[in-house]
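Participant: Sharing a structure, written as structure tokens. Questions coming.
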Amino acid sequence: MALGKPFKVLSLLGQSEKFSILLTHRSKEDALLFESNAVAQLTAAEVQIVKKNYKPMTDSFYACLGVLQFYPEDDQQLFLVMASGCVSVGKIGDSEIFRLTQASFINLRSPIPDEDKVSEVKKVLNSGTFYFSWSGTSEPIDLTLCEQKRSFTKETDNRFFWNRTMFLHLLRFGVDCHEWLLKITCGSVEIKTVYAGIKNVKAAIISRLSCERAGTRFNVRGTNDEGHVANFVETEQILSTESEISSFLQTRGSVPLFWEQPGVQVGSHKVRLSRGPEASCSALSKHLKILKDRYGKQVIVNLLGSSLVGSKEGEATLSSLFHTQHTTDENHSDIPHVLFDYHQEVRGNRGLDKLEHKVQAYLAEFKFFYIKDTNVERIQTGTIRTNCLDCLDRTNCVQTFFGLKILEGQLRAMELLEKPQNYTRFEEVFRQMWINNGNEVSKIYAGTGAIQGGSKLMDGARSAARTIQNNLLDQSKQEAIDVLLLGHTFNTELTSYARSLLPSHYLHTPPTVLRAMVRRWEDYIIQKPLTVIVGTYNVNGGKHFRSVVYKDLSLSDWLLDAAKIARSSSLVSLEDGELDNPADIYAVGFQEIVDLNAGNIVAASSENKKAWGEELSKILNRDRGYVLLTSLQLVGVCLYVFVRPELIPYIKDVATDSVKTGLGGAAGNKGAVALRLVVHSTSMCFVCSHFAAGQSQVKERCEDYAEIRRKILFPMGRSLESHDYVFWCGDFNFRLDMDKEEVKEYIGRQDWSVLLEKDQLSIEREKGNVFEVYEEGEINFPPTYKYDLFSEDYDTSEKCRVPAWTDRVLWRRRMPLREKYEPPDWNPGKCIHYGRAELKQSDHRPVVAVIQVDAFAVDEERRDQVFSEVIKQFGPPDATVILSSDDPSVFLMEDSDEIILEQLSCCGDVILVRHLGEELWITFSDGLAALAASKLIEVQVENYIVHIRLKTEDWKNHLEKEMALCINSNIPLLAPGEITTFTGLNSGFNSDYVMEQGRGMMTLGFAPPRSEGKAPSRPPPPRSPATERKLLENNGSSGPPSGKSSTKQSPTEIFPLSMKLPVATVDLSMTLSQSTVDHPPLPPRQGSLNQSNPTSPKDSPKKITPNLPTVPLRISALPPVPNRAGNGPNNLPPVPLRQAGAGPPPIPARQLPIIPPRK
């Protein structure tokens, strides 16, 4: 049965006031009606009545993907998304997989298409990277689940469910989305059919891109605060027949630290750590925990460069930090971290054998998934996580290598290697599919296919295309991905507040509920007082940072002791204990950190930034510990933010931005840098700026302020004004409009009030031109500009500049959403110290402000309680009531509808009226109106009583289920309670892994652990270089070592059989029989262990290994081992049962081997 185009979209005829859309399906008698932002599922009878009033709008469609909804400027926009083009990529079982090639958007608010608003979203969906499954006879497979998860659950993995927010609008009105919509996933699907004898085998590679941190190459890097990384892809290698399925899973993802590659990226891409090393620990730990929870055991394969010289310096720094942070995390020391410099080690097709030697033990331990009929015979117990810088080209090659190494084990388990040429055939097919898979994954993230190194011409063309795509087109693509996944543009005032207060899935509730939650913010917050210290210093090029003359001067006089020095000098009066509390956050801004010459304006050096950062870290950690959260430089303007280590787990959403204002916005000699963060649930923004210089350039300085305020923009549409607190420091260059000598006279008298009357900044603030809603501490210190260098004298040069307070610190607090005026108890923040320090390395003096603010954290229990109250208050989201009567004939009266609607008009606007059987369904514009109507209980129509009830009475649970769709799933790779017979490297075994020559097949053998403190009786004999020693695990048949050689058998299997076992403990041993390969026999080891073996499956391939002692494993209770029949060379004698409590049987001593002399 072919898919066809069963969907049709019809619009209402005539010039009706209400625009209405009808969605029909060829095989369904009912239909969906979209009208006035509501959705109704019409019955067959209703469809027959209303369909004659509708006409087809466009051609038919393959599938419906849902309703895209977003809120630009608080105005809800709705678009019905249909699949108008798709191509089949193959079948897996009864399900056919389709690639989406064209999506159509139908405006549900107006007959005008208005596709400009969603044009970028349409480009993303039409990119050819989205897939859906369909079956005409049974339930289609869920593409979001790998084969192993599909064996024990049907729950969708929301990480790979890309159109889940499109389901919300229909769920809200009670539509069964399972019948009407299809799920799409982003990634790559490659399916080929391979014939192995009489078997028809489906070979497939499926890659699933996670939507937890989706985006484009240079817009989304590293990790976020929840531990989700960019370009996280789960790739599955599948072999499938009618009765068997085998799969192997790998993952890739960006380095889980906070890093980025800012600026125009051409050629070498410079890596910048967007947060300090200590600030990344929390997110890294979360990411590793997520991996273990979802995929079991883990191994990290890090392919980044290791050279600290040349263009790969940034890679090496990132790789070293990743390795250091991981290995020092005690919670995840069980995860091996394999460092492999791909560019250094791999040349052409050679070099990956070194990587294989490092990871083959883990590949053997993790195994692969295998199910036969309905019996799960093997499970994969862990995954290898591979990363390079982009997780594209190098990662593609390495994952291909791992996949092909596992392939032979999959084929052998499925008995598909009856003919020698079968493996070659499958290897060729999978190698090409892996190449195609790499190209598709690369197109999603970088915009072009993968750079594979095969063709220099093609790789050069793709590299050039990437440069254009990443620098010019990716920003709009990133915004489109955000709209597609989040369902919002997130640039409204309401969502600005909600992001700080509520979890992300709460943002998908109806706007009325969201607004009520924000208005009641005081009901579920906890006050968290914080002390913020903001400092600003124009360092005049930073040339005197290492000055020998003033080596005794310390920045601690400015940042740590300024307030105490001022108090001891009686310049200020402070209450005891106000300054004893340590600062929670330090924000330190510099201006002219480099000379403002042409060279630095074009490409400013970061050496001074690094030096000042190290000095600040040393000074601030004098008394208490502080860690660098992040820093940012724009030519001469630089901003550092340090925080107490205890605050790091409560800080999230850190972002930076910069604005150039020099030369009309073209140069960065003047401008600002900004840094935002959320601590607990309070958003803060720190700005450091340098305005236009000159005594008379007041207008230019006001314009600089307005330009910076307008242009600062953070991800998700966050503006400067959308933060709870804004701290703004810098060299504002506002002067005093007085004669220099007169100013000096007032300075001598410390008559600050007279000078402030002539202060340009104070005058402009009163006019409302700059900083109109900002606060500033009381100025009771001399002007900070301009001094002679290394002197206490004001400017004595030819220009003889007038002293002024050019260096300032101001702040503001945002008003709550519900308030238009300041409430009586409003506290914008208290400045407990505002002063300067007497550092003389520059022509400015540094300024510092100590500000106490009221931050707040959310009490989750109280928030959930308030949320329940709000939901109960606003009624059901479907806003529908059902009217019924003891005598249904009342609804057949001509004017009954008008009478009922007139009586319900006091409750709210009615948008839809439906007659369903003996009931009347009325839909209001919002749930609050429906709730009010239900409280009427009944209305009277002439002599009849009409009862009113809500359509959805338990709307709270309904809404919670709706929001659950927006929460990322945590479906583990292993079913709950599932264990395997093989514990691998963590069980204490000494393992030896070698490669079988000519076949590239891994084999595995185990030796028992040595007794601690004891050495073996003698060293093992040397191995012959002429042959490779083949060691492998036992998968069943064995007995006590007989000391006799067995006949040579078929090639060994790669991995052992895994079984689901109940939790109980008995002894199970694995005994390895002796090989016929011409090796000298192994000497006996001391402390040999007891032997006991289960019966292996009949179809289990036989294995040949050197004679090794047995290895005991503690697993579940199994039946006794039956005796084997026959006396052939492949049959071992029966294993005698041991009495309870008996010790291990003695192992007969063997003669020493004859060791040939070495040549």
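Identifiers for the structure tokens are assigned positionally: chains receive A, B, ... in sequence, residues are indexed from 1 per chain, and ligands are indexed from 1 in the order shown.
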Using only C-alpha atoms, determine which residues lie at most 7 Å from Asp909 in chain A, disregarding the query and same-chain residues fewer than 4 positions distant; provide the list as a VMD selection string.

Facilitator: chain A and resid 905 924 to 925

Participant: Would you list the contacts of Asp482 in chain A as a PDB file with N, CA and C atoms, in the first residue's frame, taking every protein, DNA or RNA residue within 12 Å and counting only C-alpha atoms, but skipping same-chain residues closer than 5 positions in sequence?

Facilitator:
ATOM      1  N   LEU A  68       2.184  25.260  13.839  1.00  0.00           N
ATOM      2  CA  LEU A  68       3.268  26.093  14.352  1.00  0.00           C
ATOM      3  C   LEU A  68       2.654  27.352  14.946  1.00  0.00           C
ATOM      4  N   PHE A  70       3.521  30.872  17.363  1.00  0.00           N
ATOM      5  CA  PHE A  70       4.482  31.737  18.034  1.00  0.00           C
ATOM      6  C   PHE A  70       3.817  33.080  18.278  1.00  0.00           C
ATOM      7  N   VAL A 118       7.372  33.021   8.248  1.00  0.00           N
ATOM      8  CA  VAL A 118       7.854  31.660   8.492  1.00  0.00           C
ATOM      9  C   VAL A 118       8.727  31.159   7.347  1.00  0.00           C
ATOM     10  N   GLU A 120      11.933  31.399   6.838  1.00  0.00           N
ATOM     11  CA  GLU A 120      13.160  30.732   7.270  1.00  0.00           C
ATOM     12  C   GLU A 120      12.861  29.374   7.885  1.00  0.00           C
ATOM     13  N   VAL A 121      11.756  29.260   8.597  1.00  0.00           N
ATOM     14  CA  VAL A 121      11.370  27.960   9.145  1.00  0.00           C
ATOM     15  C   VAL A 121      11.074  26.986   8.007  1.00  0.00           C
ATOM     16  N   VAL A 124      14.246  25.548   6.638  1.00  0.00           N
ATOM     17  CA  VAL A 124      14.814  24.507   7.497  1.00  0.00           C
ATOM     18  C   VAL A 124      14.113  23.174   7.250  1.00  0.00           C
ATOM     19  N   TRP A 162      11.154  16.318  16.746  1.00  0.00           N
ATOM     20  CA  TRP A 162      11.412  17.717  16.398  1.00  0.00           C
ATOM     21  C   TRP A 162      10.152  18.543  16.227  1.00  0.00           C
ATOM     22  N   ASN A 163       9.020  17.963  15.948  1.00  0.00           N
ATOM     23  CA  ASN A 163       7.792  18.758  15.784  1.00  0.00           C
ATOM     24  C   ASN A 163       6.845  18.588  16.965  1.00  0.00           C
ATOM     25  N   THR A 165       6.348  20.530  19.544  1.00  0.00           N
ATOM     26  CA  THR A 165       5.587  21.728  19.907  1.00  0.00           C
ATOM     27  C   THR A 165       4.442  21.983  18.934  1.00  0.00           C
ATOM     28  N   CYS A 211      17.459  17.679  19.745  1.00  0.00           N
ATOM     29  CA  CYS A 211      16.961  19.054  19.682  1.00  0.00           C
ATOM     30  C   CYS A 211      17.163  19.783  21.006  1.00  0.00           C
ATOM     31  N   GLU A 212      17.916  19.179  21.945  1.00  0.00           N
ATOM     32  CA  GLU A 212      18.131  19.816  23.240  1.00  0.00           C
ATOM     33  C   GLU A 212      19.008  21.060  23.126  1.00  0.00           C
ATOM     34  N   ARG A 213      19.967  21.035  22.212  1.00  0.00           N
ATOM     35  CA  ARG A 213      20.818  22.215  21.961  1.00  0.00           C
ATOM     36  C   ARG A 213      21.136  22.239  20.475  1.00  0.00           C
ATOM     37  N   ALA A 214      20.108  22.460  19.691  1.00  0.00           N
ATOM     38  CA  ALA A 214      20.250  22.430  18.236  1.00  0.00           C
ATOM     39  C   ALA A 214      20.613  23.810  17.713  1.00  0.00           C
ATOM     40  N   GLY A 215      21.325  23.820  16.611  1.00  0.00           N
ATOM     41  CA  GLY A 215      21.685  25.094  16.003  1.00  0.00           C
ATOM     42  C   GLY A 215      22.752  24.925  14.951  1.00  0.00           C
ATOM     43  N   THR A 216      23.268  26.044  14.496  1.00  0.00           N
ATOM     44  CA  THR A 216      24.256  26.050  13.432  1.00  0.00           C
ATOM     45  C   THR A 216      25.664  26.134  13.994  1.00  0.00           C
ATOM     46  N   ASN A 219      26.967  29.395  15.808  1.00  0.00           N
ATOM     47  CA  ASN A 219      26.014  30.005  16.729  1.00  0.00           C
ATOM     48  C   ASN A 219      25.792  29.154  17.977  1.00  0.00           C
ATOM     49  N   VAL A 220      25.983  27.858  17.850  1.00  0.00           N
ATOM     50  CA  VAL A 220      25.779  26.959  18.983  1.00  0.00           C
ATOM     51  C   VAL A 220      27.016  26.085  19.121  1.00  0.00           C
ATOM     52  N   GLN A 475      22.782  32.905  10.854  1.00  0.00           N
ATOM     53  CA  GLN A 475      22.063  33.581  11.930  1.00  0.00           C
ATOM     54  C   GLN A 475      20.550  33.462  11.747  1.00  0.00           C
ATOM     55  N   SER A 476      20.084  33.679  10.516  1.00  0.00           N
ATOM     56  CA  SER A 476      18.646  33.549  10.275  1.00  0.00           C
ATOM     57  C   SER A 476      18.201  32.092  10.394  1.00  0.00           C
ATOM     58  N   LYS A 477      19.070  31.172  10.016  1.00  0.00           N
ATOM     59  CA  LYS A 477      18.745  29.760  10.165  1.00  0.00           C
ATOM     60  C   LYS A 477      18.636  29.386  11.634  1.00  0.00           C
ATOM     61  N   GLY A 487       8.580  27.083  19.589  1.00  0.00           N
ATOM     62  CA  GLY A 487       7.235  27.580  19.357  1.00  0.00           C
ATOM     63  C   GLY A 487       7.081  29.046  19.680  1.00  0.00           C
ATOM     64  N   HIS A 488       8.171  29.727  19.978  1.00  0.00           N
ATOM     65  CA  HIS A 488       8.135  31.137  20.342  1.00  0.00           C
ATOM     66  C   HIS A 488       9.321  31.829  19.692  1.00  0.00           C
ATOM     67  N   THR A 489       9.222  33.144  19.577  1.00  0.00           N
ATOM     68  CA  THR A 489      10.416  33.928  19.261  1.00  0.00           C
ATOM     69  C   THR A 489      11.070  34.424  20.535  1.00  0.00           C
ATOM     70  N   PHE A 490      10.374  34.312  21.682  1.00  0.00           N
ATOM     71  CA  PHE A 490      10.932  34.613  23.001  1.00  0.00           C
ATOM     72  C   PHE A 490      11.479  36.031  23.117  1.00  0.00           C
ATOM     73  N   ASN A 491      10.854  36.970  22.464  1.00  0.00           N
ATOM     74  CA  ASN A 491      11.336  38.345  22.565  1.00  0.00           C
ATOM     75  C   ASN A 491      10.274  39.273  23.148  1.00  0.00           C
ATOM     76  N   PRO A 715      21.108  36.125  23.148  1.00  0.00           N
ATOM     77  CA  PRO A 715      20.287  35.067  22.547  1.00  0.00           C
ATOM     78  C   PRO A 715      18.868  35.048  23.091  1.00  0.00           C
ATOM     79  N   MET A 716      17.964  34.514  22.278  1.00  0.00           N
ATOM     80  CA  MET A 716      16.534  34.440  22.585  1.00  0.00           C
ATOM     81  C   MET A 716      15.896  35.820  22.687  1.00  0.00           C
ATOM     82  N   GLY A 717      16.467  36.805  22.011  1.00  0.00           N
ATOM     83  CA  GLY A 717      15.850  38.125  21.970  1.00  0.00           C
ATOM     84  C   GLY A 717      15.954  38.929  23.245  1.00  0.00           C
TER      85      GLY A 717
END

Participant: Go through A:Lys670, A:Arg701, A:Lys354, A:Lys609 one by one, measure the shortest atom-to-atom distance of each to Leu596 in chain A using only C-alpha atoms, and give the residue with the smallest value.

Facilitator: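 Counting only C-alpha atoms, the residue closest to Leu596 in chain A is A:Lys670.
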
Participant: Kindly indicate which residue among A:Lys28, A:Leu931, A:Cys831, A:Leu501 lies nearest to Arg863 in chain A, using only C-alpha atoms for the distances.

Facilitator: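 Nearest to Arg863 in chain A: A:Leu501.
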
Participant: Nearest to Lys123 in chain A among A:Thr381, A:Asn53, A:Thr512, A:Gln478, with distances taken over only C-alpha atoms: which residue is it?

Facilitator: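 Selected residue with least distance to Lys123 in chain A: A:Gln478.
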
Participant: Please provide the set of residues having any atom within 7 Å of Gly589 in chain A, restricted to only C-alpha atoms, with same-chain residues fewer than 4 positions apart removed, written as a VMD selection string.

Facilitator: chain A and resid 535 to 537 638 to 640 688 729 to 730

Participant: What parts of range 80-209 of chain A does DSSP call alpha helix (DSSP H)? I'd like the answer as a PyMOL selection string.

Facilitator: chain A and resi 119-125+147-150+168-172+177-180

Participant: When DSSP is applied to the backbone of this structure, which of range 140-303 of chain A are assigned strand (DSSP E)? Write them out as a ChimeraX atom specification.

Facilitator: /A:185-196,199-209,233-240,244-252,259-260,272-273,297-302

Participant: I need the residue nearest Lys292 in chain A from this list: A:His332, A:Lys270, A:Lys55, A:Lys564. Use only C-alpha atoms for the distance.

Facilitator: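 The closest residue to Lys292 in chain A is A:His332.
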
Participant: Return the single residue from A:Val858, A:Leu560, A:Cys86, A:Leu634 that is closest to Leu616 in chain A, with distances computed using only C-alpha atoms.

Facilitator: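 Closest candidate: A:Leu560.
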
Participant: What's the 7 Å shell around Ala804 in chain A, counting only C-alpha atoms, without same-chain residues fewer than 3 positions away, as a list of chain:residue names?

Facilitator: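 Once the adjacent positions are removed, what remains is A:Arg735, A:Leu736, A:Pro783, A:Thr784, A:Tyr785.
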
Participant: Excluding Val189 in chain A and its own-chain neighbours fewer than 6 positions away, which residues fall within 9 Å of it when counting only C-alpha atoms? Please give them as a VMD selection string.

Facilitator: chain A and resid 89 to 90 97 to 99 129 131 204 to 208 437 440

Participant: Residues as selected, N, CA, C and O atoms, written as an mmCIF file, in the first residue's frame, can you do that?

Facilitator:
data_model
loop_
_atom_site.group_PDB
_atom_site.id
_atom_site.type_symbol
_atom_site.label_atom_id
_atom_site.label_comp_id
_atom_site.auth_asym_id
_atom_site.auth_seq_id
_atom_site.Cartn_x
_atom_site.Cartn_y
_atom_site.Cartn_z
ATOM 1 N N VAL A 89 13.024 6.477 1.295
ATOM 2 C CA VAL A 89 14.442 6.094 1.371
ATOM 3 C C VAL A 89 14.593 4.604 1.653
ATOM 4 O O VAL A 89 15.721 4.103 1.679
ATOM 5 N N GLY A 90 13.501 3.900 1.871
ATOM 6 C CA GLY A 90 13.585 2.465 2.091
ATOM 7 C C GLY A 90 12.600 2.004 3.136
ATOM 8 O O GLY A 90 11.857 2.791 3.733
ATOM 9 N N ILE A 97 10.231 4.491 5.336
ATOM 10 C CA ILE A 97 10.822 5.729 5.824
ATOM 11 C C ILE A 97 10.848 6.738 4.681
ATOM 12 O O ILE A 97 11.288 6.421 3.572
ATOM 13 N N PHE A 98 10.380 7.969 4.967
ATOM 14 C CA PHE A 98 10.317 9.026 3.963
ATOM 15 C C PHE A 98 11.154 10.217 4.399
ATOM 16 O O PHE A 98 11.214 10.558 5.586
ATOM 17 N N ARG A 99 11.797 10.836 3.421
ATOM 18 C CA ARG A 99 12.499 12.098 3.644
ATOM 19 C C ARG A 99 11.588 13.245 3.239
ATOM 20 O O ARG A 99 11.043 13.263 2.136
ATOM 21 N N THR A 129 16.589 17.102 5.558
ATOM 22 C CA THR A 129 17.211 16.420 6.702
ATOM 23 C C THR A 129 16.174 15.935 7.714
ATOM 24 O O THR A 129 16.544 15.542 8.810
ATOM 25 N N TYR A 131 12.842 13.320 8.567
ATOM 26 C CA TYR A 131 12.332 12.015 8.154
ATOM 27 C C TYR A 131 11.118 11.643 9.002
ATOM 28 O O TYR A 131 10.996 12.059 10.158
ATOM 29 N N ALA A 204 21.102 -0.624 7.353
ATOM 30 C CA ALA A 204 20.688 0.768 7.569
ATOM 31 C C ALA A 204 21.629 1.461 8.538
ATOM 32 O O ALA A 204 22.206 0.835 9.429
ATOM 33 N N ILE A 205 21.770 2.758 8.314
ATOM 34 C CA ILE A 205 22.454 3.637 9.258
ATOM 35 C C ILE A 205 21.514 4.806 9.516
ATOM 36 O O ILE A 205 21.125 5.519 8.585
ATOM 37 N N ILE A 206 21.140 4.990 10.777
ATOM 38 C CA ILE A 206 20.207 6.045 11.164
ATOM 39 C C ILE A 206 20.905 6.964 12.155
ATOM 40 O O ILE A 206 21.395 6.504 13.192
ATOM 41 N N SER A 207 20.951 8.253 11.844
ATOM 42 C CA SER A 207 21.496 9.258 12.755
ATOM 43 C C SER A 207 20.368 10.161 13.224
ATOM 44 O O SER A 207 19.556 10.626 12.420
ATOM 45 N N ARG A 208 20.331 10.405 14.520
ATOM 46 C CA ARG A 208 19.285 11.241 15.119
ATOM 47 C C ARG A 208 19.947 12.433 15.800
ATOM 48 O O ARG A 208 20.754 12.254 16.717
ATOM 49 N N ASN A 437 26.067 9.189 5.311
ATOM 50 C CA ASN A 437 25.607 9.638 6.618
ATOM 51 C C ASN A 437 26.426 10.835 7.100
ATOM 52 O O ASN A 437 25.878 11.817 7.617
ATOM 53 N N GLU A 440 25.275 14.004 5.301
ATOM 54 C CA GLU A 440 23.986 14.529 5.749
ATOM 55 C C GLU A 440 24.095 15.214 7.106
ATOM 56 O O GLU A 440 23.528 16.286 7.323
#

Participant: Excluding Arg624 in chain A and any residue of its chain fewer than 3 positions from it, enumerate the residues within 9 Å of it, using only C-alpha atoms, and give them as a list in words.

Facilitator: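 The neighbour list is Pro582, Leu620, Asn621 and Arg644 of chain A.
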
Participant: For Val890 in chain A, which residue out of A:Tyr944, A:Tyr423, A:Phe874, A:Tyr586 is the nearest one, using only C-alpha atoms?

Facilitator: A:Tyr944

Participant: So that I can check the surroundings of range 77-83 of chain A, please list as a list in words every protein, DNA and RNA residue that reaches within 7 Å of it, counting only C-alpha atoms and ignoring chain neighbours fewer than 2 positions away.

Facilitator: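 What passes the distance filter is Phe61, Tyr62, Ala63, Cys64, Leu65, Gly66, Val67, Leu68, Gln69, Phe70, Tyr71, Asp75, Gly85, Leu100, Gln102, Ala103, Ser104, Phe105, Ile106, Asn107, Leu108 and Arg109 of chain A.
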
Participant: How many Å separate CA of Val659 in chain A from CA of Leu720 in chain A?

Facilitator: 12.1 Å
